[in-house]
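Presented below is the structure to which this report refers.
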Amino acid sequence: MLNFVIPVALAMLAIAMGLNLLRLVKGPSTPDRILALDTLTINTIAVVMLIGITASSAAYFEAALLIAMMGFIGTVALCKFLLGGDIIE
């Protein structure tokens, strides 16, 4: 069952990531671009998790955790910069 589901899920995530990249480049406003970048990070985490399930390796799950932390920090920093213009007070 996983031999069928994982490639389908990866294909769907590839389409979602392509649409996120389109919104990131074309986005009408800066908040839309930040949201597209955050969604792209979430999709990247999902891809890494699916590869980890396929490879049966715990290293991929640790990598997904690191990507999640860096994505969160990046999103917070970009939003803080957008609202206040200064990241470090």
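Every chain in the structure tokens takes a letter, A first, then B, and so on in the order presented; its residues are numbered from 1, and the ligands are numbered from 1 following the presented order.
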
Just want the 9 Å neighbourhood of region 68-83 of chain A, counted on only C-alpha atoms, with same-chain residues fewer than 5 positions away dropped. Output as a count of residues only.
10

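The coordinates place CA of Thr54 (chain A) at 7.8 Å from CA of Ile6 (chain A).
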
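Proximity of A:Val48, A:Asn43, A:Gly85, A:Ala55 to Ala16 (chain A), computed with only C-alpha atoms, is greatest for A:Asn43.
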
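Straight-line separation from CA of Ser56 (chain A) to CA of Gly18 (chain A): 26.7 Å.
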